[in-house]
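Encoded as structure tokens, the structure appears first; notes follow it.
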Amino acid sequence: MSLGRYYLRVYGALILVALGVTLVGAALVVTINGVRKQAFLEHHPQPVLDWLAQHPRSVDPVNARTDSSRLRLLPRQAVSLNDVARERLEYGQVLAQRRGDAVYFYRLAPNAGVLELRAEDPYRHVAELAASTLVHVAARSRGSDPVAMGAALGVHATPLETPEQLPGPSALDRIARGGIVYHQPHPREPAYSYAALGDGTLVSIAHPPPFRYWSWSLALVLAGLVAAVLGAVVYFLLAGLHRRLRGIEGAVSRIARGELDARVSEEGDYMGRRLAGAFNRMAEHIQRLVSVQSEMIHGVSHELRTPVARIRFGVQMIEDCEDPEMLRSQLGAIDGDIQELDELIDEILTYARLEQGGPIMAVQRLDIADVVDQVIEEQQSIRPELRIESDIPGDSRSHAEADAEPRYIHRAIQNLVGNAARYASERVLVACHFDDQTMRIDVQDDGKGIPEEDWDKVFTAFARLDDSRTRSSGGYGLGLSIVRRILYWHGGQAFVGRSETLGGACFTLVWPRHQPRDQHEGSARTEDPS
């Protein structure tokens, strides 16, 4: 899975979570508001219907003042209600039932039947009923306190000092004709009723606020829902990362204790697999470096022992030597041993640079055919008894330019040709095959070749397939290891096989023609050929 597809999956999951939260939130709002609306409908008319239930004789006069027949007093048997609704009526509660376009309110009048209020606009009609009841009581009981009566009906009555406090000039005319003026500045704001009492006093009746779809309690519930869902999503995302980090922490502790083979499972999501893979590659690199270090210490100590012993022996011989000719011979031998040590140190340093973290790769555009010709010329001058030649077809000559580090690619080809010349009988052939994408060089000799069971060993550091440890035949066992690492840092590989043309060994170098343009000092690859 690519990084883009991973993020698309994450974004898709977040969109689905957001959609799910939206749908659940909407359903929750509808459900809660349904309960809140029902509770509002049943509690809003409770005061006025309670008063009318206690004074059933006032039903008809009040109903007459509203200019409608919304309020009725029915016999109990005329009202069709289920057992639960009837039980609630017996407890003195108000029932609100929506039928068609109207809401029907019911309140039990203990000795008179059941009050029924039909309201197409529940808030307005209940407000008008409360105002009509207040005016009726004031007209029937002169001298009564409208403020106290309003409190009993669930409204707030306030006497007006001047007619200018009425909402508009037409309001006074309607009140003079015995009407009640209903005024609601905004659907979300409380309504006001204006009327004249029996003694001519103008009153303003403030009604309770209407039902509000949104409230602080509802907002807190939704905020809690969103917080819970986000918390669950964050926990789900971080729990996997936490488990992954705990696994890495455990592997790090094991590596610190010396268990260099500790690894992390690469199962899980994309980012977890990438993190685990990067850690495992790092652990493998550390394990390989430690192994290389141990191998180098062992190999270097072994390789240095012979020339140092010869130098010590030569120095002892010089101390007792009086023959000038023998003295010159011993000095020459010591000089050769020192040269051998110098070459060995150079090989070891080169191998260490290639093994531990990556060399400085100054990639350039090179003509690989020219490099091959230069190496052949150099080796031919060293071994004139052999026939060292190249085979570069014309189409390969036209694709000979490639991206490579000049010093290292020259070293790799030189090591192979020198190694082939060391074991060849008469002939060494360097065959090149270049195309648009790949560079391939086959270095073949007509020597005894390498047994197939030893093919995997030849690139191992300090490994030699014979018992000789002389400069002339054995080498140091680092040349082929250096070749393989040079090809690794070029993004290629080195192979060994049998030459079908000459019958001896065949070493093959293969690497891409084009190197990454951002390759720089200390660049590292993600795979190790060893």
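Ordering of the structure tokens sets the chain letters (A, B, ...); residue numbers start at 1 within each chain; ligands are numbered from 1 in the order shown.
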Would you return as number ranges by chain the members of region 210-361 of chain A that DSSP assigns to alpha helix (DSSP H) on this structure's backbone?
A: 216-256, 270-320, 324-355
Just list as an NGL selection string whatever in region 372-469 of chain A DSSP marks as strand (DSSP E).
:A and (387-391 or 401-404 or 427-434 or 438-445)
Excluding region 377-392 of chain A and residues on its chain fewer than 4 positions from it, collect all residues at most 8 Å away from it, counting only C-alpha atoms, and give them as a list in words.
Ala369, Val372, Asp373, Ser396, Arg397, Gln414, Val417, Gly418, Ala421, Ala424, Ser425, Glu426, Arg427, Val428, Leu429, Val430, Ala431, Cys432 and His433 of chain A
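For the set A:Glu120, A:Ser141, A:Gly113, A:Tyr213, the residue with the smallest atom-to-atom gap to Ile32 (chain A) is A:Tyr213, counting only C-alpha atoms.
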